[in-house]
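K.L.:
Pasting entry-v5.cif here (mmCIF, C-alpha atoms):
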```cif
data_start
loop_
_atom_site.label_atom_id
_atom_site.label_comp_id
_atom_site.auth_asym_id
_atom_site.auth_seq_id
_atom_site.Cartn_x
_atom_site.Cartn_y
_atom_site.Cartn_z
CA MET U 1 5.23 24.63 32.54
CA VAL U 2 8.27 26.81 33.47
CA GLN U 3 8.67 27.99 37.08
CA PHE U 4 10.44 31.18 37.99
CA GLY U 5 11.01 33.09 41.23
CA ARG U 6 11.99 36.38 42.77
CA THR U 7 13.54 36.97 46.21
CA GLY U 8 12.57 39.49 48.84
CA VAL U 9 14.30 40.52 52.08
CA THR U 10 12.30 41.49 55.20
CA ALA U 11 13.33 42.37 58.79
CA ASP U 12 11.44 41.66 62.02
CA ARG U 13 11.50 43.56 65.34
CA SER U 14 14.49 41.64 66.64
CA GLY U 15 16.56 42.79 63.73
CA ARG U 16 16.78 39.44 62.05
CA TYR U 17 16.47 39.33 58.30
CA GLU U 18 14.52 36.74 56.34
CA THR U 19 14.86 35.97 52.67
CA SER U 20 11.83 34.66 50.81
CA VAL U 21 11.41 33.35 47.29
CA ILE U 22 8.10 33.91 45.50
CA LEU U 23 7.48 31.24 42.95
CA GLY U 24 5.38 31.67 39.85
CA SER U 25 4.73 29.79 36.61
CA ALA U 26 4.47 30.55 32.95
CA PRO U 27 3.21 28.26 30.14
CA LEU U 28 5.67 26.69 27.74
CA PRO U 29 5.58 27.94 24.16
CA PRO U 30 3.33 25.73 21.99
CA ALA U 31 5.06 22.92 20.12
CA SER U 32 5.25 23.27 16.36
CA PRO U 33 2.54 21.19 14.62
CA THR U 34 3.43 18.09 12.65
CA PRO U 35 2.87 18.03 8.87
CA ARG U 36 -0.31 15.99 9.35
CA GLN U 37 -1.58 18.50 11.94
CA ARG U 38 -0.83 21.39 9.59
CA ARG U 39 -2.80 19.75 6.81
CA GLU U 40 -5.67 19.19 9.22
CA GLN U 41 -5.61 22.87 10.19
CA LEU U 42 -5.42 23.94 6.55
CA PHE U 43 -7.92 21.64 4.86
CA GLY U 44 -10.08 20.40 7.75
CA PRO U 45 -12.36 23.46 7.91
CA GLN U 46 -13.17 23.08 4.21
CA LEU U 47 -14.55 19.55 4.67
CA PRO U 48 -18.01 19.88 6.26
CA ASP U 49 -19.22 17.24 8.70
CA ASN U 50 -22.72 15.74 8.96
CA VAL U 51 -23.62 16.30 5.29
CA GLY U 52 -22.93 12.76 4.03
CA LEU U 53 -19.50 13.47 2.53
CA PHE U 54 -16.90 13.39 5.30
CA GLU U 55 -16.73 12.05 8.83
CA ARG U 56 -14.17 12.51 11.57
CA GLY U 57 -12.82 9.54 13.48
CA ALA U 58 -10.36 6.67 13.33
CA LEU U 59 -10.89 4.13 10.57
CA ALA U 60 -10.54 1.18 12.94
CA ASP U 61 -13.34 2.44 15.20
CA THR U 62 -16.21 1.63 12.83
CA THR U 63 -17.41 -1.50 11.08
CA ASN U 64 -20.20 0.30 9.23
CA LEU U 65 -19.12 0.52 5.60
CA PRO U 66 -20.87 3.84 4.66
CA HIS U 67 -19.37 5.57 7.71
CA PHE U 68 -16.01 3.97 6.97
CA VAL U 69 -16.10 5.34 3.42
CA MET U 70 -16.80 8.88 4.66
CA ARG U 71 -13.85 8.63 7.05
CA VAL U 72 -11.58 7.37 4.28
CA ASN U 73 -12.82 10.21 2.07
CA ARG U 74 -11.79 12.72 4.73
CA HIS U 75 -8.36 11.11 5.11
CA LEU U 76 -7.96 11.27 1.34
CA PHE U 77 -8.68 14.99 1.02
CA VAL U 78 -6.91 16.10 4.19
CA HIS U 79 -3.67 14.15 3.84
CA ALA U 80 -3.33 13.42 0.11
CA MET U 81 -5.40 15.46 -2.32
CA GLY U 82 -6.58 18.58 -0.51
CA PRO U 83 -9.25 20.97 -1.83
CA ARG U 84 -8.06 23.01 -4.79
CA GLY U 85 -8.34 26.78 -4.58
CA TYR U 86 -9.36 26.48 -0.91
CA SER U 87 -12.99 26.02 -1.90
CA ARG U 88 -15.42 24.34 0.45
CA LEU U 89 -16.29 20.82 -0.65
CA ASP U 90 -20.01 20.45 0.03
CA LEU U 91 -23.01 18.63 -1.39
CA LYS U 92 -23.81 21.46 -3.78
CA SER U 93 -20.53 20.97 -5.64
CA ALA U 94 -20.47 17.15 -5.31
CA ILE U 95 -22.35 16.48 -8.57
CA LYS U 96 -22.89 18.66 -11.63
CA PRO U 97 -26.29 19.20 -13.26
CA ASP U 98 -25.32 16.82 -16.07
CA GLY U 99 -24.63 14.02 -13.56
CA GLN U 100 -20.82 14.17 -13.51
CA LEU U 101 -19.37 13.45 -10.08
CA ALA U 102 -16.88 15.77 -8.44
CA PRO U 103 -13.75 14.14 -6.96
CA HIS U 104 -15.00 14.40 -3.37
CA ALA U 105 -18.10 12.31 -4.22
CA GLU U 106 -16.61 9.56 -6.39
CA LEU U 107 -15.37 7.37 -3.53
CA LEU U 108 -18.73 7.68 -1.76
CA VAL U 109 -20.72 6.44 -4.76
CA PHE U 110 -18.34 3.52 -5.25
CA GLY U 111 -18.55 2.66 -1.53
CA ALA U 112 -22.34 2.79 -1.61
CA TRP U 113 -22.32 0.39 -4.57
CA LEU U 114 -20.11 -2.00 -2.60
CA ALA U 115 -22.39 -1.73 0.45
CA ASP U 116 -25.44 -2.55 -1.71
CA GLY U 117 -23.85 -5.81 -2.81
CA MET U 118 -22.28 -4.67 -6.11
CA LEU U 119 -25.50 -4.57 -8.11
CA GLY U 120 -25.15 -5.69 -11.71
CA ARG U 121 -22.07 -7.81 -11.03
CA SER U 122 -22.42 -11.48 -11.85
CA SER U 123 -21.59 -13.99 -9.14
CA ARG U 124 -18.07 -15.37 -9.21
CA ARG U 125 -16.38 -18.29 -7.58
CA GLY U 126 -13.85 -17.79 -4.82
CA ARG U 127 -13.79 -15.76 -1.66
CA VAL U 128 -15.56 -12.43 -1.41
CA PRO U 129 -13.08 -9.51 -1.37
CA ASN U 130 -12.88 -7.29 1.70
CA PRO U 131 -14.83 -4.09 0.82
CA PHE U 132 -13.04 -2.07 3.50
CA LYS U 133 -9.67 -2.81 1.95
CA LEU U 134 -11.00 -2.15 -1.55
CA VAL U 135 -12.16 1.33 -0.50
CA LYS U 136 -8.73 2.18 0.94
CA PHE U 137 -7.03 0.81 -2.18
CA VAL U 138 -9.21 3.00 -4.44
CA ALA U 139 -8.47 6.03 -2.25
CA ALA U 140 -4.73 5.42 -2.58
CA GLY U 141 -5.19 5.01 -6.34
CA PHE U 142 -7.07 8.33 -6.54
CA SER U 143 -4.24 9.97 -4.64
CA ALA U 144 -1.65 8.55 -7.07
CA LEU U 145 -3.61 9.81 -10.10
CA ASN U 146 -4.06 13.21 -8.49
CA GLU U 147 -0.34 13.51 -7.80
CA ARG U 148 0.52 12.72 -11.41
CA GLN U 149 -1.89 15.37 -12.65
CA ARG U 150 -0.53 18.03 -10.31
CA ALA U 151 3.17 17.42 -11.03
CA PRO U 152 4.05 19.08 -14.36
CA ALA U 153 7.11 16.90 -14.83
CA VAL U 154 5.11 13.69 -14.86
CA GLN U 155 1.84 14.74 -16.48
CA SER U 156 2.61 12.38 -19.34
CA LEU U 157 2.33 9.52 -16.83
CA ALA U 158 -1.21 10.44 -15.75
CA SER U 159 -2.69 7.52 -17.67
CA SER U 160 0.07 4.99 -16.96
CA HIS U 161 -0.55 1.84 -15.00
CA ILE U 162 -0.85 1.81 -11.23
CA ARG U 163 1.20 -0.86 -9.52
CA THR U 164 1.26 -2.06 -5.94
CA ALA U 165 4.43 -0.02 -5.36
CA ASN U 166 2.39 3.15 -6.04
CA ILE U 167 -0.29 1.99 -3.63
CA VAL U 168 2.31 1.41 -0.88
CA MET U 169 3.54 5.00 -1.22
CA PHE U 170 0.16 6.69 -1.19
CA TRP U 171 -1.30 4.26 1.36
CA GLU U 172 1.17 5.63 3.90
CA ARG U 173 0.44 9.21 2.86
CA CYS U 174 -3.33 8.80 3.17
CA PHE U 175 -3.57 6.59 6.24
CA ASP U 176 -0.15 6.89 7.93
CA GLU U 177 0.21 3.10 7.71
CA ARG U 178 3.19 1.23 6.33
CA SER U 179 2.59 -1.76 4.08
CA SER U 180 4.32 -3.92 1.48
CA THR U 181 3.47 -4.63 -2.13
CA SER U 182 2.30 -8.14 -1.27
CA ASP U 183 -0.35 -6.66 1.05
CA HIS U 184 -2.17 -5.19 -1.96
CA SER U 185 -1.83 -7.92 -4.59
CA SER U 186 -5.20 -9.55 -3.86
CA ALA U 187 -7.05 -6.21 -3.82
CA LEU U 188 -5.46 -5.28 -7.16
CA ARG U 189 -6.60 -8.55 -8.74
CA SER U 190 -10.12 -8.10 -7.37
CA LEU U 191 -10.46 -4.50 -8.54
CA ARG U 192 -9.38 -5.38 -12.07
CA SER U 193 -12.70 -7.18 -12.43
CA ILE U 194 -14.81 -5.15 -9.99
CA VAL U 195 -14.14 -1.66 -11.38
CA PRO U 196 -15.17 -2.56 -14.98
CA ASP U 197 -18.44 -4.00 -13.60
CA TYR U 198 -18.95 -0.80 -11.61
CA MET U 199 -18.37 1.36 -14.68
CA ALA U 200 -20.78 -0.79 -16.69
CA HIS U 201 -23.44 -0.33 -13.99
CA LEU U 202 -22.79 3.43 -14.09
CA ALA U 203 -23.13 3.51 -17.88
CA ALA U 204 -26.45 1.65 -17.59
CA GLY U 205 -27.82 4.43 -15.36
CA GLY U 206 -27.92 2.36 -12.19
CA LEU U 207 -26.15 4.82 -9.88
CA LYS U 208 -27.55 7.83 -8.04
CA PHE U 209 -26.11 10.38 -5.65
CA ASN U 210 -28.10 12.87 -3.60
CA GLY U 211 -31.17 12.11 -5.71
CA CYS U 212 -29.44 12.74 -9.06
CA GLY U 213 -28.50 10.14 -11.66
CA VAL U 214 -24.76 9.64 -12.09
CA THR U 215 -23.54 9.82 -15.68
CA ALA U 216 -19.76 10.13 -15.29
CA SER U 217 -17.05 9.45 -12.73
CA PRO U 218 -13.82 10.94 -14.14
CA LEU U 219 -11.38 9.74 -11.49
CA MET U 220 -12.79 6.23 -11.49
CA THR U 221 -12.59 6.13 -15.30
CA LYS U 222 -8.89 6.96 -15.11
CA LEU U 223 -8.37 4.44 -12.33
CA ALA U 224 -10.05 1.71 -14.41
CA ALA U 225 -7.60 2.38 -17.24
CA ALA U 226 -4.64 2.50 -14.85
CA LEU U 227 -5.57 -0.82 -13.24
CA ARG U 228 -5.61 -2.75 -16.50
CA PRO U 229 -2.78 -5.27 -16.57
CA SER U 230 0.14 -4.30 -18.73
CA LYS U 231 2.65 -6.66 -20.32
CA THR U 232 4.70 -6.53 -17.16
CA SER U 233 1.85 -6.82 -14.65
CA ALA U 234 -0.34 -9.47 -16.28
CA GLY U 235 1.94 -12.29 -15.26
CA VAL U 236 5.20 -10.89 -16.64
CA SER U 237 7.47 -8.84 -14.42
CA ASP U 238 10.20 -6.41 -15.36
CA ARG U 239 12.71 -8.74 -13.73
CA ALA U 240 11.03 -11.83 -15.03
CA ALA U 241 12.13 -12.24 -18.60
CA VAL U 242 13.33 -15.71 -17.72
CA THR U 243 14.59 -17.50 -20.79
CA PRO U 244 15.43 -21.21 -20.92
CA ALA U 245 19.09 -22.01 -21.35
CA SER U 246 18.57 -23.35 -24.85
CA SER U 247 16.94 -20.14 -26.10
CA ALA U 248 20.28 -18.40 -26.38
CA THR U 249 21.47 -20.94 -28.90
CA SER U 250 18.18 -21.23 -30.74
CA ALA U 251 17.36 -17.53 -31.05
CA THR U 252 17.32 -17.86 -34.80
CA ARG U 253 14.69 -20.59 -34.66
CA ALA U 254 12.24 -19.03 -32.15
CA SER U 255 11.87 -15.92 -30.07
CA PRO U 256 12.82 -16.17 -26.36
CA GLN U 257 10.04 -17.50 -24.18
CA ILE U 258 8.88 -15.03 -21.52
CA VAL U 259 7.40 -16.46 -18.34
CA PRO U 260 6.07 -14.88 -15.14
CA ALA U 261 8.51 -14.18 -12.34
CA VAL U 262 6.16 -15.39 -9.62
CA PHE U 263 3.62 -18.21 -9.49
CA GLU U 264 1.10 -17.55 -6.71
CA VAL U 265 -1.46 -19.98 -5.28
CA PRO U 266 -4.14 -18.24 -3.15
CA LEU U 267 -5.18 -20.19 -0.05
CA THR U 268 -8.94 -19.72 -0.09
CA TYR U 269 -11.96 -21.33 1.48
CA SER U 270 -14.50 -23.36 -0.46
CA SER U 271 -17.28 -20.85 0.21
CA LYS U 272 -18.09 -17.65 2.05
CA GLU U 273 -19.92 -19.70 4.70
CA SER U 274 -16.76 -21.70 5.39
CA LEU U 275 -14.74 -18.49 5.56
CA ASP U 276 -17.10 -16.99 8.15
CA GLU U 277 -17.23 -20.23 10.15
CA TYR U 278 -13.53 -21.05 10.39
CA ARG U 279 -11.85 -17.64 10.09
CA ASN U 280 -14.36 -15.18 11.58
CA LEU U 281 -11.91 -12.29 11.96
CA GLY U 282 -14.29 -9.51 10.98
CA PRO U 283 -13.98 -6.99 8.15
CA THR U 284 -10.71 -5.53 9.46
CA GLY U 285 -8.90 -8.87 9.72
CA PRO U 286 -5.74 -9.64 7.76
CA PRO U 287 -6.11 -10.89 4.19
CA LEU U 288 -5.98 -14.57 3.36
CA PRO U 289 -2.47 -15.91 2.75
CA SER U 290 -1.08 -17.33 -0.45
CA LEU U 291 1.82 -19.51 -1.54
CA ARG U 292 4.36 -17.76 -3.73
CA TYR U 293 6.90 -19.52 -5.94
CA ASP U 294 9.77 -17.86 -7.78
CA VAL U 295 9.89 -19.04 -11.40
CA LEU U 296 13.48 -19.78 -12.36
CA PRO U 297 15.14 -21.28 -15.43
CA VAL U 298 16.76 -24.69 -15.32
CA VAL U 299 20.47 -24.40 -14.62
CA PRO U 300 23.10 -26.93 -15.78
CA THR U 301 24.37 -29.55 -13.39
CA PRO U 302 27.60 -28.41 -11.68
CA GLY U 303 30.53 -29.32 -13.87
CA HIS U 304 28.53 -29.29 -17.13
CA PRO U 305 28.41 -26.26 -19.45
CA THR U 306 24.84 -26.86 -20.67
CA ALA U 307 21.65 -28.34 -19.30
CA ARG U 308 20.50 -31.81 -20.29
CA ARG U 309 18.30 -32.07 -23.35
CA ASP U 310 15.40 -33.62 -21.43
CA ARG U 311 15.31 -30.46 -19.26
CA GLU U 312 15.19 -28.10 -22.19
CA GLY U 313 12.27 -25.64 -21.96
CA ARG U 314 11.45 -26.55 -18.37
CA LEU U 315 11.26 -24.26 -15.37
CA VAL U 316 11.93 -24.48 -11.65
CA LEU U 317 9.38 -23.33 -9.04
CA ARG U 318 11.20 -22.35 -5.86
CA PRO U 319 9.05 -21.51 -2.79
CA ASP U 320 9.40 -17.88 -1.80
CA LEU U 321 9.63 -18.89 1.85
CA GLU U 322 12.67 -19.64 3.94
CA VAL U 323 11.17 -22.20 6.30
CA LYS U 324 14.43 -22.86 8.16
CA LYS U 325 14.64 -19.20 9.25
CA LEU U 326 10.96 -18.88 10.18
CA ILE U 327 10.08 -22.19 11.83
CA SER U 328 12.02 -24.35 14.27
CA ALA U 329 10.43 -27.84 14.43
CA ARG U 330 11.46 -30.06 17.35
CA ALA U 331 8.76 -32.69 17.33
CA LEU U 332 5.66 -33.65 15.41
CA ILE U 333 2.69 -34.69 17.53
CA ASP U 334 -0.34 -36.19 15.83
CA ARG U 335 -3.23 -36.91 18.15
CA ILE U 336 -6.96 -37.35 17.69
CA ALA U 337 -9.43 -36.84 20.53
CA PHE U 338 -12.77 -38.69 20.65
CA THR U 339 -15.74 -37.58 22.71
CA VAL U 340 -17.98 -40.47 23.72
CA SER U 341 -21.40 -40.29 25.37
CA THR U 342 -22.48 -43.34 27.37
CA THR U 343 -25.73 -44.26 29.09
CA SER U 344 -23.93 -45.28 32.28
CA ILE U 345 -20.74 -44.43 34.13
CA THR U 346 -17.70 -46.09 32.57
CA SER U 347 -13.89 -45.78 32.52
CA SER U 348 -11.20 -45.13 29.95
CA THR U 349 -10.01 -48.72 30.27
CA THR U 350 -13.44 -50.10 29.36
CA LEU U 351 -13.67 -47.77 26.36
CA LYS U 352 -10.19 -48.75 25.21
CA LYS U 353 -11.04 -52.46 25.34
CA ALA U 354 -14.25 -51.85 23.40
CA MET U 355 -12.37 -49.95 20.70
CA GLU U 356 -9.68 -52.64 20.43
CA LYS U 357 -12.36 -55.33 20.17
CA THR U 358 -14.10 -53.39 17.40
CA ARG U 359 -10.81 -52.97 15.53
CA THR U 360 -10.01 -56.68 15.76
CA THR U 361 -13.46 -57.57 14.46
CA CYS U 362 -13.09 -55.19 11.51
CA GLN U 363 -9.68 -56.63 10.62
CA ARG U 364 -11.09 -60.17 10.56
CA ARG U 365 -13.85 -59.13 8.20
#
```
Go ahead and render the structure in this file as structure tokens.
P.N.:
Amino acid sequence: MVQFGRTGVTADRSGRYETSVILGSAPLPPASPTPRQRREQLFGPQLPDNVGLFERGALADTTNLPHFVMRVNRHLFVHAMGPRGYSRLDLKSAIKPDGQLAPHAELLVFGAWLADGMLGRSSRRGRVPNPFKLVKFVAAGFSALNERQRAPAVQSLASSHIRTANIVMFWERCFDERSSTSDHSSALRSLRSIVPDYMAHLAAGGLKFNGCGVTASPLMTKLAAALRPSKTSAGVSDRAAVTPASSATSATRASPQIVPAVFEVPLTYSSKESLDEYRNLGPTGPPLPSLRYDVLPVVPTPGHPTARRDREGRLVLRPDLEVKKLISARALIDRIAFTVSTTSITSSTTLKKAMEKTRTTCQRR
């Protein structure tokens, strides 16, 4: 608010003059909207609420998966994809008469399948993936595919593989959240087996939307192809063509051995019940950690030009964790507490003597 004033001069009967200032106010000019606000103003009115497609609200404010999916769907179309031709995205255009899903319905059908327990998918060992994170990952993948289709210069890459680096970029665009590639590794591994099962369930006629049978999901079909591991993502990295030292001299005898750049050990629980009992962080909790090791070739001992023969063909696993910089250990305390129930009042001294007596008896036996 800007204040302004004007002065006035008046005279009384005694001839004295008084000067007065009349203050007023005027509103400040409106601030220019941010890019996210402009997209909301542009695309928001074309995304109808309360029809089962989109829902307003923060993602962290709901733990109901169907409502969460509708909120993610709105984030996807407001901040990443946007309606084409400024057409209203409603239920009427969500599915064609032949059963083909429109882009604004594909995430909803996949989310409903997740909420129903992934029907048609065989049980697998290991921890159950977080469905909330899977939905956001798929939304970021849809956004990446959509961007490749829209950009004429990279249309030839529309069917290329999607890596975690692509997800990091479009994750921030869709949800305004920064992340790293390691944050999405587990979701990528899970979706490589989940999406094919989903597509198989779709092909078997097990999916419906708005009372109609689903026969095709074009974006999800492209995402399934893009998620398939390539030669560099299925355990072999672009920077990971690690060759043993002896391969250079024996190139004529055998081709260089290619090994993965990273060896990762997921730290999981024995069952979902154990996960819920000991972790119990809810659906929006952080993912489970894992141990990462850099796979390196054996290097010669300092002062020797070549490695020893008994080390030929071996590799070195170096932990991808600098413990000295992260943890400062001053002392190690190892204690065990026992809770004892007695029928009468006793003391710690009496209990200690009883335990020592029991230990002595056991040692004699």
K.L.:
Quick one: residues within 9 Å of segment 200-206 of chain U, only C-alpha atoms, excluding same-chain residues fewer than 4 positions away - as a ChimeraX atom specification?
P.N.:
/U:119-121,195-196,213-217
K.L.:
I need the output of the PyMOL selection byres ((chain U and resi 100) around 10) for this file as a list of chain:residue names; which residues are they?
P.N.:
U:Ala94, U:Ile95, U:Lys96, U:Pro97, U:Asp98, U:Gly99, U:Leu101, U:Ala102, U:Pro103, U:Ala105, U:Glu106, U:Cys212, U:Gly213, U:Val214, U:Thr215, U:Ala216, U:Ser217, U:Pro218
K.L.:
With C-alpha atoms retained, write the just-selected residues as a tab-separated table (two decimals), in the coordinates of the input.
P.N.:
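Final file, out_11.tsv:
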```tsv
chain	number	residue	atom	x	y	z
U	94	ALA	CA	-20.47	17.15	-5.31
U	95	ILE	CA	-22.35	16.48	-8.57
U	96	LYS	CA	-22.89	18.66	-11.63
U	97	PRO	CA	-26.29	19.20	-13.26
U	98	ASP	CA	-25.32	16.82	-16.07
U	99	GLY	CA	-24.63	14.02	-13.56
U	101	LEU	CA	-19.37	13.45	-10.08
U	102	ALA	CA	-16.88	15.77	-8.44
U	103	PRO	CA	-13.75	14.14	-6.96
U	105	ALA	CA	-18.10	12.31	-4.22
U	106	GLU	CA	-16.61	9.56	-6.39
U	212	CYS	CA	-29.44	12.74	-9.06
U	213	GLY	CA	-28.50	10.14	-11.66
U	214	VAL	CA	-24.76	9.64	-12.09
U	215	THR	CA	-23.54	9.82	-15.68
U	216	ALA	CA	-19.76	10.13	-15.29
U	217	SER	CA	-17.05	9.45	-12.73
U	218	PRO	CA	-13.82	10.94	-14.14
```
K.L.:
Rank nothing, just name the residue among U:Cys174, U:Leu351, U:Leu223, U:Leu91 nearest to Leu191 of chain U, using all atoms listed in the file.
P.N.:
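Among U:Cys174, U:Leu351, U:Leu223, U:Leu91, it is U:Leu223 that comes nearest to Leu191 of chain U.
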K.L.:
Could you list, as a list in words, every residue matched by the PyMOL selection byres ((chain U and resi 79) around 9) in this structure?
P.N.:
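When the PyMOL selection byres ((chain U and resi 79) around 9) is applied, the selected residues are Arg36, Arg39, Glu40, Phe43, Arg74, His75, Leu76, Phe77, Val78, Ala80, Met81, Gly82, Arg173, Cys174 and Phe175 of chain U.
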K.L.:
With only C-alpha atoms as the counted atoms, please give the residues lying no more than 7 Å from segment 293-295 of chain U, apart from itself and same-chain residues fewer than 4 positions off, as an mmCIF file with C-alpha atoms, in the coordinates of the input.
P.N.:
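Saved file result.cif follows:
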```
data_model
loop_
_atom_site.group_PDB
_atom_site.id
_atom_site.type_symbol
_atom_site.label_atom_id
_atom_site.label_comp_id
_atom_site.auth_asym_id
_atom_site.auth_seq_id
_atom_site.Cartn_x
_atom_site.Cartn_y
_atom_site.Cartn_z
ATOM 1 C CA PRO U 260 6.070 -14.880 -15.140
ATOM 2 C CA ALA U 261 8.510 -14.180 -12.340
ATOM 3 C CA VAL U 262 6.160 -15.390 -9.620
ATOM 4 C CA PHE U 263 3.620 -18.210 -9.490
ATOM 5 C CA GLU U 264 1.100 -17.550 -6.710
ATOM 6 C CA LEU U 315 11.260 -24.260 -15.370
ATOM 7 C CA VAL U 316 11.930 -24.480 -11.650
ATOM 8 C CA LEU U 317 9.380 -23.330 -9.040
ATOM 9 C CA ARG U 318 11.200 -22.350 -5.860
ATOM 10 C CA PRO U 319 9.050 -21.510 -2.790
ATOM 11 C CA ASP U 320 9.400 -17.880 -1.800
#
```
